[in-house]
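Asks: Got data22.txt for you, compact mmCIF, C-alpha atoms:
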# COMPACT_ATOMS: atom_id res chain seq x y z
CA MET O 817 71.90 119.44 179.84
CA ASP O 818 74.88 121.70 179.38
CA LEU O 819 78.54 120.88 178.91
CA ARG O 820 79.12 120.77 182.68
CA ASP O 821 76.50 118.05 183.07
CA TYR O 822 78.13 115.92 180.37
CA LEU O 823 81.52 116.32 182.02
CA LYS O 824 80.05 115.18 185.33
CA ILE O 825 78.59 112.08 183.68
CA LEU O 826 81.94 111.23 182.10
CA GLN O 827 83.79 111.83 185.37
CA LYS O 828 81.42 109.55 187.23
CA ARG O 829 81.25 106.64 184.77
CA TRP O 830 84.38 106.90 182.61
CA TRP O 831 85.30 103.36 183.60
CA ILE O 832 82.39 101.99 181.53
CA ILE O 833 83.94 103.39 178.35
CA VAL O 834 87.37 102.01 179.24
CA LEU O 835 85.99 98.59 180.16
CA VAL O 836 83.98 98.15 176.97
CA ALA O 837 86.90 99.40 174.84
CA VAL O 838 89.30 96.92 176.47
CA ILE O 839 86.84 94.03 176.02
CA ALA O 840 86.28 94.92 172.36
CA ALA O 841 90.01 95.28 171.66
CA GLY O 842 90.72 91.96 173.39
CA SER O 843 87.99 90.25 171.40
CA ALA O 844 89.41 91.65 168.15
CA TYR O 845 92.86 90.38 169.11
CA GLY O 846 91.51 86.91 169.90
CA PHE O 847 89.50 86.79 166.67
CA SER O 848 92.60 87.79 164.66
CA LYS O 849 94.68 85.05 166.25
CA LEU O 850 92.04 82.44 165.40
CA GLN O 851 92.18 83.31 161.69
CA ASP O 852 94.57 81.57 159.30
CA THR O 853 97.42 83.79 158.15
CA VAL O 854 97.35 84.76 154.46
CA TYR O 855 100.55 86.00 152.79
CA ARG O 856 100.93 88.10 149.66
CA SER O 857 103.71 88.48 147.14
CA ALA O 858 103.69 90.90 144.22
CA ILE O 859 105.68 91.35 141.03
CA LYS O 860 105.46 94.13 138.45
CA LEU O 861 105.71 93.97 134.66
CA THR O 862 106.46 96.92 132.44
CA VAL O 863 104.90 97.19 128.97
CA GLU O 864 106.46 99.62 126.50
CA PRO O 865 106.59 100.21 122.75
CA SER O 866 109.67 99.29 120.75
CA ARG O 867 109.63 102.88 119.47
CA ALA O 868 109.60 104.98 122.63
CA SER O 869 109.09 108.19 120.65
CA ASP O 870 105.95 106.89 118.92
CA TYR O 871 103.11 108.59 120.82
CA GLY O 872 100.43 106.71 118.89
CA GLN O 873 101.89 103.34 119.85
CA THR O 874 102.10 104.47 123.48
CA LEU O 875 98.39 105.30 123.46
CA ALA O 876 97.64 101.91 121.92
CA ILE O 877 99.50 100.17 124.75
CA LYS O 878 97.01 101.57 127.27
CA ASN O 879 94.34 99.44 125.58
CA VAL O 880 96.75 96.52 125.36
CA LEU O 881 97.23 96.62 129.15
CA ARG O 882 93.61 95.66 129.73
CA ASN O 883 93.94 92.83 127.22
CA TYR O 884 97.10 91.58 128.93
CA ALA O 885 95.34 91.65 132.30
CA GLU O 886 92.59 89.42 130.90
CA LEU O 887 95.17 87.02 129.49
CA LEU O 888 96.79 86.75 132.92
CA ARG O 889 93.41 85.97 134.49
CA ALA O 890 92.58 83.28 131.93
CA ARG O 891 92.21 79.62 132.95
CA LYS O 892 94.71 78.67 130.25
CA MET O 893 97.40 80.82 131.89
CA ALA O 894 96.57 79.41 135.31
CA GLN O 895 96.94 75.88 133.98
CA ARG O 896 100.38 76.72 132.56
CA VAL O 897 101.50 77.95 135.98
CA ILE O 898 100.10 74.81 137.63
CA ASP O 899 101.92 72.58 135.17
CA THR O 900 105.20 74.49 135.54
CA LEU O 901 105.20 74.40 139.34
CA GLN O 902 103.47 71.00 139.52
CA LEU O 903 100.81 72.31 141.87
CA ASP O 904 98.01 70.07 143.12
CA ILE O 905 95.28 72.63 142.53
CA LYS O 906 92.63 73.44 139.95
CA PRO O 907 92.83 76.57 137.76
CA GLU O 908 89.77 78.11 139.41
CA ALA O 909 91.34 77.78 142.85
CA LEU O 910 94.58 79.34 141.64
CA LEU O 911 92.75 82.24 140.02
CA ALA O 912 91.04 82.91 143.35
CA LYS O 913 94.50 83.64 144.78
CA LEU O 914 95.41 86.02 141.95
CA ALA O 915 94.97 89.78 141.62
CA VAL O 916 96.03 91.64 138.45
CA ASP O 917 96.19 95.43 138.43
CA PRO O 918 97.05 97.22 135.14
CA ASN O 919 98.24 100.81 135.56
CA GLU O 920 97.84 103.03 132.51
CA ALA O 921 99.71 105.91 134.17
CA ASP O 922 103.11 104.17 134.12
CA LEU O 923 102.29 101.33 131.68
CA THR O 924 102.81 98.55 134.21
CA ILE O 925 100.91 95.49 135.38
CA GLN O 926 101.15 94.29 138.96
CA ILE O 927 100.59 90.61 139.64
CA GLU O 928 99.73 89.76 143.23
CA VAL O 929 99.27 86.28 144.67
CA ARG O 930 97.82 85.48 148.10
CA ASP O 931 98.33 82.15 149.77
CA HIS O 932 98.50 80.57 153.21
CA SER O 933 102.13 79.74 152.40
CA GLY O 934 104.40 82.73 151.85
CA GLY O 935 106.82 80.64 149.79
CA ASN O 936 104.05 79.45 147.48
CA ALA O 937 102.76 82.98 147.00
CA GLN O 938 106.21 84.17 145.92
CA ARG O 939 106.84 81.20 143.61
CA ILE O 940 103.45 81.51 141.91
CA ALA O 941 103.83 85.25 141.34
CA GLN O 942 107.30 84.76 139.84
CA ALA O 943 106.08 81.94 137.59
CA TYR O 944 103.14 84.00 136.34
CA ALA O 945 105.45 86.87 135.38
CA GLU O 946 108.11 84.73 133.71
CA LEU O 947 105.64 82.65 131.72
CA PHE O 948 103.74 85.71 130.52
CA VAL O 949 106.90 87.55 129.47
CA ASN O 950 108.05 84.47 127.58
CA GLN O 951 104.64 84.22 125.92
CA ARG O 952 104.86 87.86 124.76
CA GLN O 953 108.37 87.38 123.43
CA ILE O 954 107.21 84.48 121.28
CA ALA O 955 104.27 86.55 120.00
CA ASN O 956 106.66 89.38 119.06
CA LEU O 957 108.54 87.07 116.71
CA GLU O 958 105.56 87.18 114.35
CA ARG O 959 105.56 91.00 114.23
CA ASP O 960 107.72 93.55 112.54
CA GLN O 961 110.41 94.77 114.93
CA THR O 962 109.10 98.35 114.86
CA ASP O 963 105.60 97.22 115.88
CA ARG O 964 106.59 95.05 118.79
CA ILE O 965 105.37 95.64 122.34
CA LEU O 966 108.08 94.85 124.84
CA THR O 967 107.13 93.22 128.12
CA SER O 968 109.66 92.71 130.90
CA ILE O 969 109.89 92.10 134.64
CA VAL O 970 110.70 95.23 136.65
CA ASP O 971 111.95 93.20 139.62
CA ASP O 972 111.56 89.69 140.98
CA ALA O 973 108.61 88.78 143.18
CA GLY O 974 108.85 90.52 146.51
CA ALA O 975 109.35 88.73 149.81
CA PRO O 976 106.02 87.48 151.16
CA GLU O 977 104.29 89.68 153.72
CA ILE O 978 101.21 89.19 155.83
CA TYR O 979 98.03 90.17 153.98
CA SER O 980 95.59 89.13 156.70
CA PRO O 981 94.71 89.24 159.48
CA LYS O 982 95.90 92.76 160.28
CA THR O 983 96.01 92.22 164.04
CA SER O 984 97.13 95.72 165.02
CA ILE O 985 94.49 97.37 162.83
CA ASN O 986 91.79 95.03 164.12
CA VAL O 987 92.72 95.73 167.75
CA LEU O 988 92.74 99.49 167.14
CA ALA O 989 89.38 99.38 165.36
CA GLY O 990 87.94 97.18 168.12
CA GLY O 991 89.13 99.60 170.80
CA VAL O 992 87.66 102.63 169.02
CA LEU O 993 84.32 100.96 168.33
CA GLY O 994 84.26 99.62 171.90
CA GLY O 995 84.86 103.12 173.24
CA LEU O 996 81.96 104.47 171.19
CA LEU O 997 79.73 101.63 172.37
CA GLY O 998 80.76 102.33 175.97
CA LEU O 999 79.85 105.99 175.50
CA ILE O 1000 76.41 105.00 174.22
CA ILE O 1001 75.90 102.63 177.16
CA LEU O 1002 76.95 105.37 179.56
CA PHE O 1003 74.35 107.84 178.30
CA VAL O 1004 71.66 105.14 178.08
CA LEU O 1005 72.22 104.37 181.76
CA GLU O 1006 72.08 108.06 182.57
CA TRP O 1007 68.84 108.40 180.63
CA LEU O 1008 67.31 105.44 182.50
CA GLU O 1009 68.18 107.13 185.81
CA SER O 1010 67.16 110.59 184.69
CA ASP O 1011 64.02 110.52 186.90
CA VAL O 1012 66.00 109.78 190.06
CA VAL O 1013 66.43 112.85 192.31
CA ARG O 1014 69.86 112.91 193.91
CA SER O 1015 70.54 116.53 194.78
CA GLY O 1016 68.98 119.90 195.39
CA GLU O 1017 69.88 120.87 191.84
CA ASP O 1018 67.76 117.96 190.58
CA VAL O 1019 64.82 119.19 192.72
CA GLU O 1020 65.13 122.68 191.31
CA ARG O 1021 65.39 121.35 187.76
CA TYR O 1022 62.40 118.96 187.93
CA ALA O 1023 60.12 120.76 190.40
CA GLY O 1024 60.87 124.24 189.17
CA VAL O 1025 61.12 125.66 192.72
CA PRO O 1026 64.17 126.78 194.72
CA VAL O 1027 65.55 124.55 197.49
CA ILE O 1028 65.78 126.40 200.84
CA GLY O 1029 67.24 123.62 202.96
CA ALA O 1030 68.35 119.97 203.12
CA ILE O 1031 69.04 117.38 205.82
CA PRO O 1032 72.35 115.62 205.11
CA THR O 1033 72.64 111.83 205.20
CA ILE O 1034 73.88 110.41 208.52
CA GLY O 1035 75.81 107.16 208.17
CA ALA O 1036 75.48 104.17 210.49
CA ARG O 1037 78.81 104.91 212.17
CA GLN O 1038 77.80 108.48 212.85
CA SER O 1039 74.54 107.52 214.57
CA ARG O 1040 75.01 106.80 218.28
CA GLY O 1041 72.66 103.84 218.33
CA GLY O 1042 74.13 102.26 215.22
CA MET O 1043 70.94 103.01 213.32
CA PRO O 1044 71.05 102.83 209.53
CA GLY O 1045 71.74 106.01 207.58
CA ILE O 1046 68.99 108.58 207.26
CA ALA O 1047 68.13 109.53 203.73
CA ARG O 1048 68.77 113.08 202.60
CA LEU O 1049 65.64 115.21 202.61
CA ALA O 1050 65.23 118.43 200.66
CA PHE O 1051 62.81 121.28 201.46
CA TRP O 1052 61.66 123.86 199.02
CA LYS O 1053 59.46 126.86 199.13
CA ARG O 1054 56.23 126.83 197.21
CA ALA O 1055 55.91 129.58 194.63
Now that the file is in, can you turn its structure into structure tokens?
Replies:
Amino acid sequence: MDLRDYLKILQKRWWIIVLVAVIAAGSAYGFSKLQDTVYRSAIKLTVEPSRASDYGQTLAIKNVLRNYAELLRARKMAQRVIDTLQLDIKPEALLAKLAVDPNEADLTIQIEVRDHSGGNAQRIAQAYAELFVNQRQIANLERDQTDRILTSIVDDAGAPEIYSPKTSINVLAGGVLGGLLGLIILFVLEWLESDVVRSGEDVERYAGVPVIGAIPTIGARQSRGGMPGIARLAFWKRA
């Protein structure tokens, strides 16, 4: 088959692709609406040396970032947040809502909380940041001022936004995948009917002989006696 044959197939059965794509996109939309909405709120901490010009201390902070991330993920820290906000939840369940991302490039730690309630997500993220900063300030009191590592909140917890489901993305992905599935179905149907002879070109292709004449189909309305249509017959010359 050449490019012209493929174009003919698409022109004849393009509606299959559209139909399957619409069904898949609609299904993705319905599935998204059935899911519970999860919100996210994030807050960022900055970690810096008390002596900004001390390159060695700056390098040491990169290792400290990983340690701080582990402290934020600890059950003890989760319990402090629960006690502060008076949440009716276990530490393990709270930690399942938490994501901590230390960034060595800019010496920051992002705390992200996901919850079915946007307000709760924002409150928990803010509490995590404030409690941790307070904890670090207390720890600094036991150190010499020149060796302290300063931790502060860059900005308050952001307004909650939808984390999932991403309805628009799901619908787009469903439509694309549905279109591909429709394309596969189209060519499978064409393959199943590949042995059916419909035109003189098919005769020439399968029989390998030129067609020298054909009797066109006569419809029922065209026949005087109202007889059913006569099938098209093709004649070819033997080699």
Asks: Using all atoms listed in the file, tabulate the residues of region 931-997 of chain O lying at most 9 Å from any atom of region 838-843 of chain O, each with its closest atom pair and that distance in Å to one decimal, by chain and increasing residue number, as JSON lines.
Replies:
{"residue": "O:Asn986", "atom": "CA", "partner": "O:Ala841", "partner_atom": "CA", "distance": 7.8}
{"residue": "O:Val987", "atom": "CA", "partner": "O:Ala841", "partner_atom": "CA", "distance": 4.8}
{"residue": "O:Leu988", "atom": "CA", "partner": "O:Ala841", "partner_atom": "CA", "distance": 6.8}
{"residue": "O:Ala989", "atom": "CA", "partner": "O:Ala841", "partner_atom": "CA", "distance": 7.5}
{"residue": "O:Gly990", "atom": "CA", "partner": "O:Ala841", "partner_atom": "CA", "distance": 4.5}
{"residue": "O:Gly991", "atom": "CA", "partner": "O:Ala841", "partner_atom": "CA", "distance": 4.5}
{"residue": "O:Val992", "atom": "CA", "partner": "O:Ala841", "partner_atom": "CA", "distance": 8.2}
{"residue": "O:Leu993", "atom": "CA", "partner": "O:Ala840", "partner_atom": "CA", "distance": 7.5}
{"residue": "O:Gly994", "atom": "CA", "partner": "O:Ala840", "partner_atom": "CA", "distance": 5.1}
{"residue": "O:Gly995", "atom": "CA", "partner": "O:Val838", "partner_atom": "CA", "distance": 8.3}
Asks: I want to know what sits within 10 Å of region 952-959 of chain O, based on all atoms listed in the file, with residues of the same chain fewer than 6 positions away left out; could you give that as a list in words?
Replies: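 Non-adjacent residues within range: Tyr884, Ile965, Leu966, Thr967 and Ser968 of chain O.
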Asks: Between CA of Gly998 (chain O) and CA of Pro981 (chain O), what is the distance, to one decimal in Å?
Replies: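 CA of Pro981 (chain O) lies 25.3 Å from CA of Gly998 (chain O).
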Asks: Applying 6 Å and only C-alpha atoms, which residues near Gln926 (chain O) remain after dropping the ones on its own chain fewer than 2 positions away? List them as a ChimeraX atom specification.
Replies: /O:859-860,916-917
Asks: Between CA of Pro865 (chain O) and CA of Gln951 (chain O), what distance in Å does the model show, to one decimal?
Replies: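 Here the two named atoms are 16.4 Å from each other.
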Asks: Choose the residue, out of O:Arg856, O:Ser848, O:Glu977, O:Val863, that has the smallest atom-to-atom separation from Asn883 (chain O); count all atoms listed in the file.
Replies: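 The answer is O:Val863, which sits nearest to Asn883 (chain O).
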Asks: Just checking: using only C-alpha atoms, which residue out of O:Ile877, O:Ala973, O:Leu861, O:Ala921 ends up closest to Val949 (chain O)?
Replies: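 When distances to Val949 (chain O) are compared using only C-alpha atoms, the smallest one comes from O:Leu861.
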Asks: What is the CA of Arg930 (chain O)-CA of Lys913 (chain O) distance in Å, reported with one decimal?
Replies: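 Distance reported for this atom pair: 5.0 Å.
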Asks: Show me, as a short mmCIF file (atom, residue, chain, number, x, y, z; two decimals) with C-alpha atoms, in the frame of the given file, the residues that have an atom within 8 Å of Gln895 (chain O) when counting all atoms listed in the file, minus same-chain residues fewer than 3 positions from it.
Replies:
data_model
loop_
_atom_site.label_atom_id
_atom_site.label_comp_id
_atom_site.auth_asym_id
_atom_site.auth_seq_id
_atom_site.Cartn_x
_atom_site.Cartn_y
_atom_site.Cartn_z
CA ARG O 891 92.21 79.62 132.95
CA LYS O 892 94.71 78.67 130.25
CA ILE O 898 100.10 74.81 137.63
CA ASP O 899 101.92 72.58 135.17
CA LYS O 906 92.63 73.44 139.95
CA PRO O 907 92.83 76.57 137.76
#
Asks: Do a neighbour search on Val854 (chain O) at 9 Å with all atoms listed in the file, toss out local chain neighbours closer than 6 positions, and write the hits as a PyMOL selection string.
Replies: chain O and resi 930-934+977-981
Asks: Restricting it to C-alpha atoms, dump the selection as a JSON list (two decimals), in the frame of the given file.
Replies:
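Now in out_11.json:
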[["chain", "number", "residue", "atom", "x", "y", "z"],
["O", 930, "ARG", "CA", 97.82, 85.48, 148.10],
["O", 931, "ASP", "CA", 98.33, 82.15, 149.77],
["O", 932, "HIS", "CA", 98.50, 80.57, 153.21],
["O", 933, "SER", "CA", 102.13, 79.74, 152.40],
["O", 934, "GLY", "CA", 104.40, 82.73, 151.85],
["O", 977, "GLU", "CA", 104.29, 89.68, 153.72],
["O", 978, "ILE", "CA", 101.21, 89.19, 155.83],
["O", 979, "TYR", "CA", 98.03, 90.17, 153.98],
["O", 980, "SER", "CA", 95.59, 89.13, 156.70],
["O", 981, "PRO", "CA", 94.71, 89.24, 159.48]]
Asks: With a distance cut-off of 10 Å and all atoms listed in the file, select the neighbouring residues of Asn919 (chain O), excluding the residue or stretch itself and same-chain residues fewer than 4 positions from it, and output the selection as a list of chain:residue names.
Replies: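 Final neighbour list, sorted by chain and number: O:Thr862, O:Lys878, O:Leu881, O:Arg882, O:Leu923, O:Thr924, O:Ile925, O:Gln926.
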